[in-house]
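Asker: Got a structure for you, written out below as structure tokens; questions coming shortly.
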2 protein chains.
Amino acid sequence: MVTIKEVAKKAGVSPSTVSRVLNGSDVVAEDTKEKVMAAVKSLNYRPNFLAQGLKDGKTKTIGLIIPNIRNPIYPVIARGVEDVARKYGYTVILCNTDEDTEIEKESIQKLRKRWVDGLIIAPAAKKVEHLEELEQEGFPMVVIVRKLDIKANMIVIDNFQAAYDAVSFLIKTGHRRIAIVKGNQQLALYRDRFSGYKQALLDAGIPIEYELITGDDSDSIQWSLDGYNAVNSLLNRNIEFDAVFATTDLRAIGAIRAIKDHNLRVPDDISVIGFDNLEFSSLIDPPLSTVSQPFYDIGARAASKVLQLCSKDNPSGAMVEIMPSELIIRKSTR
Amino acid sequence: MVTIKEVAKKAGVSPSTVSRVLNGSDVVAEDTKEKVMAAVKSLNYRPNFLAQGLKDGKTKTIGLIIPNIRNPIYPVIARGVEDVARKYGYTVILCNTDEDTEIEKESIQKLRKRWVDGLIIAPAAKKVEHLEELEQEGFPMVVIVRKLDIKANMIVIDNFQAAYDAVSFLIKTGHRRIAIVKGNQQLALYRDRFSGYKQALLDAGIPIEYELITGDDSDSIQWSLDGYNAVNSLLNRNIEFDAVFATTDLRAIGAIRAIKDHNLRVPDDISVIGFDNLEFSSLIDPPLSTVSQPFYDIGARAASKVLQLCSKDNPSGAMVEIMPSELIIRKSTR
DNA sequence: CTGAAAGCGCTTACAG
DNA sequence: CTGAAAGCGCTTACAG
């Protein structure tokens, strides 16, 4: 690897001068500037960022910690993050936690050791003290997707309202017995969607039937199975319902399959509405009605936010930003 | 940030000694070892990896450069890469190129500046000189998925044979007029799949009909559109065919939609076979018959390989590894 | 406008 | 077994 010394030698100046022209900081004479640039070019010099980082304590790197990139919501978020990071010359390190708080902690340790300037994290959310600590240290961090009960910068949607709207839509279009596949109730986001479901029924004067509340707390990426099993069980037990609110698109897809397997039609016999608006949800049969989350924007906004935090010395005032969601009606609801 | 000096002071030894116990390199007296570890613990000391890297020129980081993480084949590959990287204490930096060779070059520059120890890359493949250079410099690199006409370590499948087998299966099950959605012919992998298609027909004594060769060279992530448009056009022009070999699952999904939109049935009227075996290809209707690629293993193997290359001084002997693919028959073929 | 020097936080021969 | 010193490749006050 060619160093600044060699460039300096070739250009007939001191390393300090080379550094100065490269960083455009000080005033340097035009002709020496040219000599230096020529030397840089001819030697194909690349400054060593480790050495640079060692001086100023910055690495122009941010960490992105998520449960699992195989969950189709995360690639979109990751693109949002990477696109803005790249725009500002930052690089992103990806870590998967598989919903395991221990792996999450380890990853954070590892990334801090590597001097990432900031962190974007969709937390496993079972334990959060380690995140609270980070926040208190003033380490640039933004939590996405999964809202936490701590003071921190967060970028999320209003899951209660979105679920409320989705279920209200079902009610408005004549559905009365609406089942829910409720999702992992350890996560606030699913609790909120569940609450939205209940409140919508309540507000419409429809009683909450506990037999229509289904789904387990599994974290598996095989989410469609949860939807399949839940609805399949309802159908096997001859429990009547005219719609299902699935708290994720994957669960909705499982639900649709269960309904078809029982030789019933979607939406003629049973309507299904999902949540997430995954890219392929419009490609299934019937195309899925669902709640659209602005995943790309969440990632992009999170990246802007950490970058901003990184540039400040005292990243004060944690705030939570609510991003808009949108009800998308396709063909799985009548 | 606490430094090694502070630890040394607290433990009442020299920084050299602290370094020694941390790296377990030399022989250190048991009791001083304990003193040091106690100090490390109480100060929550994390060695600065920038300083470490500056010494030994290693960062324990590898770069993963792919066209687009939103293309559903890449998250699986990325998991394979990350899992083995993490196992060995490595960290992975993700870059998307959007099939743009310029962005690819920039990313490589950026990563090398950051001193990644090695690179895994699914290249844009329009120009490859920059990759050839890397290889010649002896920089640890492995090319995945997209085979190149250069000497380099590569991990790919046998696209010709896999396509040959898929089309042969269609022929064996009674199909005669088999359309193909051929994919971007600038990429060797699609050329190989196309060749496999032609050879299978030839070997069965079936003439190649040019009107059945469809699809454009688009790089769009909206691949299902290519499949939709191709098959839709065939149908609109009343061209007869009893099967379509789509060179990706996304194209297959588009093809199925086009067929359904023309009120024809899959597979009763027209069989469809895909390529990739995406995670959701079993969830669509009908569940898709396809060629399964071992994406996770490709990622994992690639990571093992670069790590191995990183540890050697002279990473000699570029070789291409062929991973197994498998024909998966579900319900979209009769 | 430019150079010599110090220092970022480590590691590792070199002494002892 | 342990410490002092040099050096990794930069940047940046400090002189001049």
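To be explicit about the labels: the chains of the structure tokens are called A, B, and onward in the order shown, and within each one the residues are counted from 1, while ligands get numbers from 1 in the order they are shown.
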Please identify all residues of chain A having at least one atom at most 12 Å from any atom of chain C, considering only C-alpha atoms (C1' of nucleotides), and return them as a compact mmCIF listing (two decimals) with N, CA, C and O atoms, in the first residue's frame.
Answerer:
```txt
# COMPACT_ATOMS: atom_id res chain seq x y z
N ALA A 8 4.54 12.23 -0.85
CA ALA A 8 5.29 13.46 -0.52
C ALA A 8 6.65 13.46 -1.23
O ALA A 8 7.05 14.46 -1.84
N GLY A 12 7.94 15.91 -4.01
CA GLY A 12 8.98 16.82 -3.53
C GLY A 12 8.50 17.79 -2.46
O GLY A 12 8.95 18.92 -2.38
N VAL A 13 7.55 17.36 -1.65
CA VAL A 13 7.06 18.20 -0.56
C VAL A 13 7.03 17.35 0.72
O VAL A 13 7.44 16.20 0.73
N SER A 14 6.50 17.94 1.80
CA SER A 14 6.41 17.19 3.04
C SER A 14 5.05 16.49 3.14
O SER A 14 4.08 16.92 2.50
N PRO A 15 4.98 15.46 3.95
CA PRO A 15 3.69 14.78 4.15
C PRO A 15 2.60 15.74 4.61
O PRO A 15 1.44 15.61 4.20
N SER A 16 2.97 16.68 5.45
CA SER A 16 1.97 17.64 5.94
C SER A 16 1.28 18.32 4.77
O SER A 16 0.07 18.51 4.75
N THR A 17 2.10 18.71 3.81
CA THR A 17 1.55 19.42 2.66
C THR A 17 0.60 18.52 1.86
O THR A 17 -0.49 18.95 1.46
N VAL A 18 1.01 17.29 1.66
CA VAL A 18 0.14 16.36 0.95
C VAL A 18 -1.19 16.27 1.67
O VAL A 18 -2.26 16.39 1.07
N SER A 19 -1.11 16.07 2.97
CA SER A 19 -2.33 15.96 3.76
C SER A 19 -3.20 17.20 3.57
O SER A 19 -4.41 17.10 3.38
N ARG A 20 -2.54 18.35 3.58
CA ARG A 20 -3.29 19.59 3.44
C ARG A 20 -4.01 19.68 2.11
O ARG A 20 -5.19 20.04 2.06
N VAL A 21 -3.34 19.32 1.02
CA VAL A 21 -4.07 19.46 -0.24
C VAL A 21 -5.19 18.43 -0.33
O VAL A 21 -6.27 18.72 -0.82
N ASP A 26 -6.18 23.84 4.44
CA ASP A 26 -5.45 25.11 4.48
C ASP A 26 -5.28 25.72 3.08
O ASP A 26 -5.67 25.13 2.08
N VAL A 27 -4.68 26.82 3.06
CA VAL A 27 -4.35 27.44 1.79
C VAL A 27 -3.02 26.84 1.29
O VAL A 27 -2.04 26.85 2.01
N VAL A 28 -3.06 26.32 0.10
CA VAL A 28 -1.84 25.75 -0.47
C VAL A 28 -1.62 26.40 -1.83
O VAL A 28 -2.58 26.67 -2.54
N ALA A 29 -0.37 26.62 -2.17
CA ALA A 29 -0.06 27.25 -3.45
C ALA A 29 -0.57 26.37 -4.60
O ALA A 29 -0.48 25.14 -4.53
N GLU A 30 -1.08 27.01 -5.62
CA GLU A 30 -1.67 26.28 -6.74
C GLU A 30 -0.72 25.25 -7.34
O GLU A 30 -1.09 24.10 -7.57
N ASP A 31 0.54 25.67 -7.57
CA ASP A 31 1.44 24.75 -8.26
C ASP A 31 1.84 23.55 -7.40
O ASP A 31 1.96 22.44 -7.90
N THR A 32 2.02 23.77 -6.10
CA THR A 32 2.35 22.60 -5.28
C THR A 32 1.13 21.68 -5.23
O THR A 32 1.24 20.46 -5.22
N LYS A 33 -0.04 22.29 -5.19
CA LYS A 33 -1.26 21.50 -5.21
C LYS A 33 -1.26 20.58 -6.43
O LYS A 33 -1.52 19.39 -6.33
N LEU A 50 -7.91 3.91 8.47
CA LEU A 50 -7.65 3.53 9.86
C LEU A 50 -6.84 4.62 10.54
O LEU A 50 -7.13 5.03 11.66
N ALA A 51 -5.81 5.05 9.84
CA ALA A 51 -4.95 6.10 10.40
C ALA A 51 -5.75 7.38 10.59
O ALA A 51 -5.63 8.06 11.60
N GLN A 52 -6.58 7.67 9.60
CA GLN A 52 -7.40 8.88 9.71
C GLN A 52 -8.34 8.79 10.91
O GLN A 52 -8.48 9.72 11.69
N GLY A 53 -8.99 7.62 11.00
CA GLY A 53 -9.95 7.43 12.07
C GLY A 53 -9.28 7.52 13.44
O GLY A 53 -9.86 8.03 14.40
N LEU A 54 -8.08 7.03 13.50
CA LEU A 54 -7.35 7.04 14.76
C LEU A 54 -7.14 8.48 15.24
O LEU A 54 -7.15 8.76 16.43
N LYS A 55 -6.97 9.36 14.31
CA LYS A 55 -6.81 10.78 14.67
C LYS A 55 -8.12 11.40 15.15
O LYS A 55 -8.20 11.92 16.25
N ASP A 56 -9.13 11.32 14.32
CA ASP A 56 -10.33 12.08 14.66
C ASP A 56 -11.45 11.26 15.32
O ASP A 56 -12.52 11.77 15.61
N GLY A 57 -11.18 9.96 15.52
CA GLY A 57 -12.17 9.16 16.23
C GLY A 57 -13.45 8.89 15.46
O GLY A 57 -14.46 8.50 16.02
N LYS A 58 -13.42 9.11 14.14
CA LYS A 58 -14.61 8.82 13.34
C LYS A 58 -14.26 7.77 12.28
O LYS A 58 -13.14 7.74 11.78
```
Asker: Per residue of chain B within 7 Å of chain A, record the nearest atom pair and its distance in Å to one decimal, counting only C-alpha atoms, with rows in chain order and ascending residue number, as CSV.
Answerer:
```
residue,atom,partner,partner_atom,distance
B:Arg46,CA,A:Lys113,CA,6.1
B:Pro47,CA,A:Lys113,CA,6.7
B:Asn48,CA,A:Lys113,CA,6.1
B:Phe49,CA,A:Arg114,CA,5.6
B:Leu50,CA,A:Leu50,CA,5.2
B:Ala51,CA,A:Leu54,CA,6.4
B:Gly53,CA,A:Leu50,CA,6.9
B:Leu54,CA,A:Leu50,CA,6.0
B:Ile69,CA,A:Pro75,CA,5.6
B:Arg70,CA,A:Pro75,CA,5.3
B:Pro75,CA,A:Arg70,CA,5.3
B:Val76,CA,A:Arg70,CA,6.0
B:Val92,CA,A:Ile93,CA,5.7
B:Ile93,CA,A:Ile93,CA,4.5
B:Leu94,CA,A:Val92,CA,6.2
B:Lys113,CA,A:Asn48,CA,6.0
B:Arg114,CA,A:Phe49,CA,5.6
B:Ile284,CA,A:Ile284,CA,5.6
B:Asp285,CA,A:Asp285,CA,6.4
```
Asker: Please measure the separation of atom CA of Glu209 of chain B and atom CA of Leu278 of chain B, giving the value in Å to one decimal.
Answerer: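 For atom CA of Glu209 of chain B relative to atom CA of Leu278 of chain B, the distance reads 29.1 Å.
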Asker: Find the distance between atom CA of Leu119 of chain A and atom CA of Pro140 of chain A and write it in Å to one decimal.
Answerer: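 Atom-to-atom, atom CA of Leu119 of chain A to atom CA of Pro140 of chain A, that is 6.3 Å.
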Asker: Just the strand (DSSP E or B) stuff from segment 87-292 of chain A, please, per backbone DSSP, written as number ranges by chain.
Answerer: A: 91-96, 118-121, 141-144, 153-157, 178-181, 213-214, 243-246, 271-273, 276, 289-292
Asker: What does the file look like for those residues with N, CA, C and O atoms, as a CSV table (one decimal), in the first residue's frame?
Answerer:
```csv
chain,number,residue,atom,x,y,z
A,91,THR,N,-20.6,4.1,5.2
A,91,THR,CA,-20.6,2.7,4.9
A,91,THR,C,-21.5,2.0,6.0
A,91,THR,O,-21.5,2.4,7.1
A,92,VAL,N,-22.2,0.9,5.6
A,92,VAL,CA,-23.0,0.3,6.6
A,92,VAL,C,-22.7,-1.1,6.9
A,92,VAL,O,-22.4,-1.9,6.0
A,93,ILE,N,-22.6,-1.5,8.2
A,93,ILE,CA,-22.3,-2.8,8.6
A,93,ILE,C,-23.6,-3.5,9.0
A,93,ILE,O,-24.4,-2.9,9.8
A,94,LEU,N,-23.9,-4.6,8.5
A,94,LEU,CA,-25.1,-5.3,8.8
A,94,LEU,C,-25.0,-6.4,9.8
A,94,LEU,O,-24.1,-7.2,9.7
A,95,CYS,N,-25.9,-6.5,10.8
A,95,CYS,CA,-25.8,-7.6,11.8
A,95,CYS,C,-27.2,-8.1,12.0
A,95,CYS,O,-28.2,-7.3,12.2
A,96,ASN,N,-27.4,-9.4,12.0
A,96,ASN,CA,-28.7,-10.1,12.2
A,96,ASN,C,-28.6,-10.6,13.7
A,96,ASN,O,-27.6,-11.2,14.1
A,118,GLY,N,-22.4,5.5,14.5
A,118,GLY,CA,-23.8,5.5,15.0
A,118,GLY,C,-24.4,4.2,14.7
A,118,GLY,O,-23.9,3.3,14.0
A,119,LEU,N,-25.6,4.0,15.2
A,119,LEU,CA,-26.3,2.7,15.2
A,119,LEU,C,-27.8,2.9,14.8
A,119,LEU,O,-28.5,3.7,15.4
A,120,ILE,N,-28.3,2.0,13.9
A,120,ILE,CA,-29.7,2.0,13.7
A,120,ILE,C,-30.1,0.6,14.1
A,120,ILE,O,-29.5,-0.4,13.7
A,121,ILE,N,-31.2,0.5,14.8
A,121,ILE,CA,-31.5,-0.8,15.4
A,121,ILE,C,-33.0,-1.1,15.4
A,121,ILE,O,-33.8,-0.3,15.9
A,141,MET,N,-27.9,6.9,18.1
A,141,MET,CA,-28.6,5.7,17.9
A,141,MET,C,-30.0,6.0,17.5
A,141,MET,O,-30.6,7.0,18.0
A,142,VAL,N,-30.6,5.3,16.5
A,142,VAL,CA,-32.0,5.4,16.3
A,142,VAL,C,-32.7,4.0,16.2
A,142,VAL,O,-32.2,3.2,15.5
A,143,VAL,N,-33.7,3.9,16.9
A,143,VAL,CA,-34.5,2.7,17.0
A,143,VAL,C,-35.6,2.8,15.9
A,143,VAL,O,-36.2,3.8,15.7
A,144,ILE,N,-35.7,1.7,15.1
A,144,ILE,CA,-36.7,1.7,14.1
A,144,ILE,C,-37.7,0.6,14.2
A,144,ILE,O,-37.4,-0.5,14.8
A,153,ASN,N,-34.3,8.0,20.3
A,153,ASN,CA,-34.8,8.4,19.0
A,153,ASN,C,-35.4,7.2,18.3
A,153,ASN,O,-34.8,6.1,18.3
A,154,MET,N,-36.6,7.4,17.9
A,154,MET,CA,-37.3,6.2,17.2
A,154,MET,C,-38.0,6.7,16.0
A,154,MET,O,-38.5,7.8,15.9
A,155,ILE,N,-38.1,5.8,15.0
A,155,ILE,CA,-38.9,6.0,13.8
A,155,ILE,C,-39.8,4.9,13.6
A,155,ILE,O,-39.3,3.7,13.4
A,156,VAL,N,-41.1,5.1,13.8
A,156,VAL,CA,-42.0,4.0,13.7
A,156,VAL,C,-43.3,4.5,13.0
A,156,VAL,O,-43.4,5.7,12.6
A,157,ILE,N,-44.3,3.6,12.9
A,157,ILE,CA,-45.6,4.1,12.5
A,157,ILE,C,-46.6,4.0,13.6
A,157,ILE,O,-46.2,3.4,14.7
A,178,ILE,N,-64.9,-10.8,12.8
A,178,ILE,CA,-63.5,-10.6,12.3
A,178,ILE,C,-62.5,-11.3,13.2
A,178,ILE,O,-62.3,-10.9,14.4
A,179,ALA,N,-61.8,-12.3,12.7
A,179,ALA,CA,-60.8,-12.9,13.4
A,179,ALA,C,-59.5,-12.2,13.3
A,179,ALA,O,-59.3,-11.4,12.3
A,180,ILE,N,-58.6,-12.3,14.3
A,180,ILE,CA,-57.3,-11.7,14.2
A,180,ILE,C,-56.2,-12.7,14.4
A,180,ILE,O,-56.4,-13.7,15.2
A,181,VAL,N,-55.1,-12.7,13.6
A,181,VAL,CA,-53.9,-13.4,13.9
A,181,VAL,C,-53.0,-12.4,14.5
A,181,VAL,O,-52.5,-11.6,13.9
A,213,ILE,N,-59.7,-14.7,18.5
A,213,ILE,CA,-58.3,-14.2,18.7
A,213,ILE,C,-57.3,-15.4,18.6
A,213,ILE,O,-57.4,-16.3,19.4
A,214,THR,N,-56.5,-15.3,17.6
A,214,THR,CA,-55.7,-16.5,17.3
A,214,THR,C,-54.2,-16.1,17.0
A,214,THR,O,-53.9,-14.9,17.0
A,243,ALA,N,-64.1,-12.6,8.1
A,243,ALA,CA,-62.9,-11.8,7.8
A,243,ALA,C,-61.8,-12.2,8.7
A,243,ALA,O,-62.0,-12.6,9.8
A,244,VAL,N,-60.6,-12.0,8.2
A,244,VAL,CA,-59.4,-12.1,9.1
A,244,VAL,C,-58.5,-11.0,8.9
A,244,VAL,O,-58.2,-10.6,7.8
A,245,PHE,N,-58.1,-10.4,10.1
A,245,PHE,CA,-57.1,-9.3,10.1
A,245,PHE,C,-55.8,-10.0,10.5
A,245,PHE,O,-55.7,-10.4,11.7
A,246,ALA,N,-54.9,-10.2,9.6
A,246,ALA,CA,-53.6,-10.8,9.9
A,246,ALA,C,-52.6,-9.7,10.1
A,246,ALA,O,-52.6,-8.7,9.4
A,271,SER,N,-63.0,-12.5,3.9
A,271,SER,CA,-62.0,-11.5,3.5
A,271,SER,C,-60.8,-11.6,4.3
A,271,SER,O,-60.8,-12.1,5.4
A,272,VAL,N,-59.6,-11.2,3.7
A,272,VAL,CA,-58.4,-11.2,4.4
A,272,VAL,C,-57.7,-9.9,4.2
A,272,VAL,O,-57.6,-9.4,3.1
A,273,ILE,N,-57.2,-9.3,5.3
A,273,ILE,CA,-56.4,-8.1,5.2
A,273,ILE,C,-55.1,-8.3,5.9
A,273,ILE,O,-55.1,-9.0,7.0
A,276,ASP,N,-48.2,-4.7,6.1
A,276,ASP,CA,-46.8,-4.5,5.7
A,276,ASP,C,-46.7,-4.1,4.3
A,276,ASP,O,-45.8,-3.3,3.9
A,289,SER,N,-55.1,-7.1,0.1
A,289,SER,CA,-55.4,-5.8,0.8
A,289,SER,C,-54.6,-5.8,2.0
A,289,SER,O,-54.5,-6.8,2.7
A,290,THR,N,-54.0,-4.6,2.3
A,290,THR,CA,-53.1,-4.6,3.4
A,290,THR,C,-52.8,-3.2,3.9
A,290,THR,O,-53.2,-2.2,3.2
A,291,VAL,N,-52.0,-3.0,4.9
A,291,VAL,CA,-51.6,-1.7,5.4
A,291,VAL,C,-50.1,-1.5,4.9
A,291,VAL,O,-49.3,-2.4,5.2
A,292,SER,N,-49.9,-0.5,4.2
A,292,SER,CA,-48.6,-0.2,3.6
A,292,SER,C,-47.7,0.5,4.6
A,292,SER,O,-48.1,1.6,5.1
```
Asker: Rounded to one decimal in Å, what is the spacing between atom CA of Arg330 of chain B and atom CA of Phe275 of chain B?
Answerer: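 These atoms are spaced 12.6 Å apart.
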Asker: At a cut-off of 9 Å, using only C-alpha atoms (C1' of nucleotides), what residues contact Lys198 of chain B? Leave out same-chain residues fewer than 3 positions from it and give the result as an MDAnalysis selection string.
Answerer: chainID B and resid 164 167 193:195 201:203 207:208
Asker: Would you output that residue set with N, CA and C atoms, as an mmCIF file, in the first residue's frame?
Answerer:
```
data_model
loop_
_atom_site.group_PDB
_atom_site.id
_atom_site.type_symbol
_atom_site.label_atom_id
_atom_site.label_comp_id
_atom_site.auth_asym_id
_atom_site.auth_seq_id
_atom_site.Cartn_x
_atom_site.Cartn_y
_atom_site.Cartn_z
ATOM 1 N N TYR B 164 -31.207 -27.288 -18.546
ATOM 2 C CA TYR B 164 -31.379 -28.477 -19.385
ATOM 3 C C TYR B 164 -32.305 -29.473 -18.691
ATOM 4 N N VAL B 167 -36.025 -28.180 -18.493
ATOM 5 C CA VAL B 167 -36.728 -28.256 -19.774
ATOM 6 C C VAL B 167 -36.929 -29.720 -20.173
ATOM 7 N N ARG B 193 -28.548 -20.560 -19.134
ATOM 8 C CA ARG B 193 -29.885 -21.138 -18.986
ATOM 9 C C ARG B 193 -30.561 -21.243 -20.353
ATOM 10 N N PHE B 194 -30.336 -20.243 -21.151
ATOM 11 C CA PHE B 194 -30.890 -20.251 -22.518
ATOM 12 C C PHE B 194 -30.293 -21.410 -23.320
ATOM 13 N N SER B 195 -28.995 -21.595 -23.216
ATOM 14 C CA SER B 195 -28.342 -22.692 -23.931
ATOM 15 C C SER B 195 -28.880 -24.044 -23.471
ATOM 16 N N LEU B 201 -34.132 -29.114 -26.004
ATOM 17 C CA LEU B 201 -35.056 -29.258 -27.129
ATOM 18 C C LEU B 201 -34.378 -30.037 -28.255
ATOM 19 N N LEU B 202 -33.175 -29.615 -28.591
ATOM 20 C CA LEU B 202 -32.411 -30.259 -29.652
ATOM 21 C C LEU B 202 -32.291 -31.765 -29.407
ATOM 22 N N ASP B 203 -31.863 -32.095 -28.197
ATOM 23 C CA ASP B 203 -31.640 -33.500 -27.861
ATOM 24 C C ASP B 203 -32.923 -34.324 -27.930
ATOM 25 N N PRO B 207 -37.819 -28.863 -32.628
ATOM 26 C CA PRO B 207 -37.221 -27.669 -33.242
ATOM 27 C C PRO B 207 -37.351 -26.444 -32.325
ATOM 28 N N ILE B 208 -36.376 -25.572 -32.429
ATOM 29 C CA ILE B 208 -36.425 -24.334 -31.656
ATOM 30 C C ILE B 208 -37.244 -23.312 -32.426
#
```
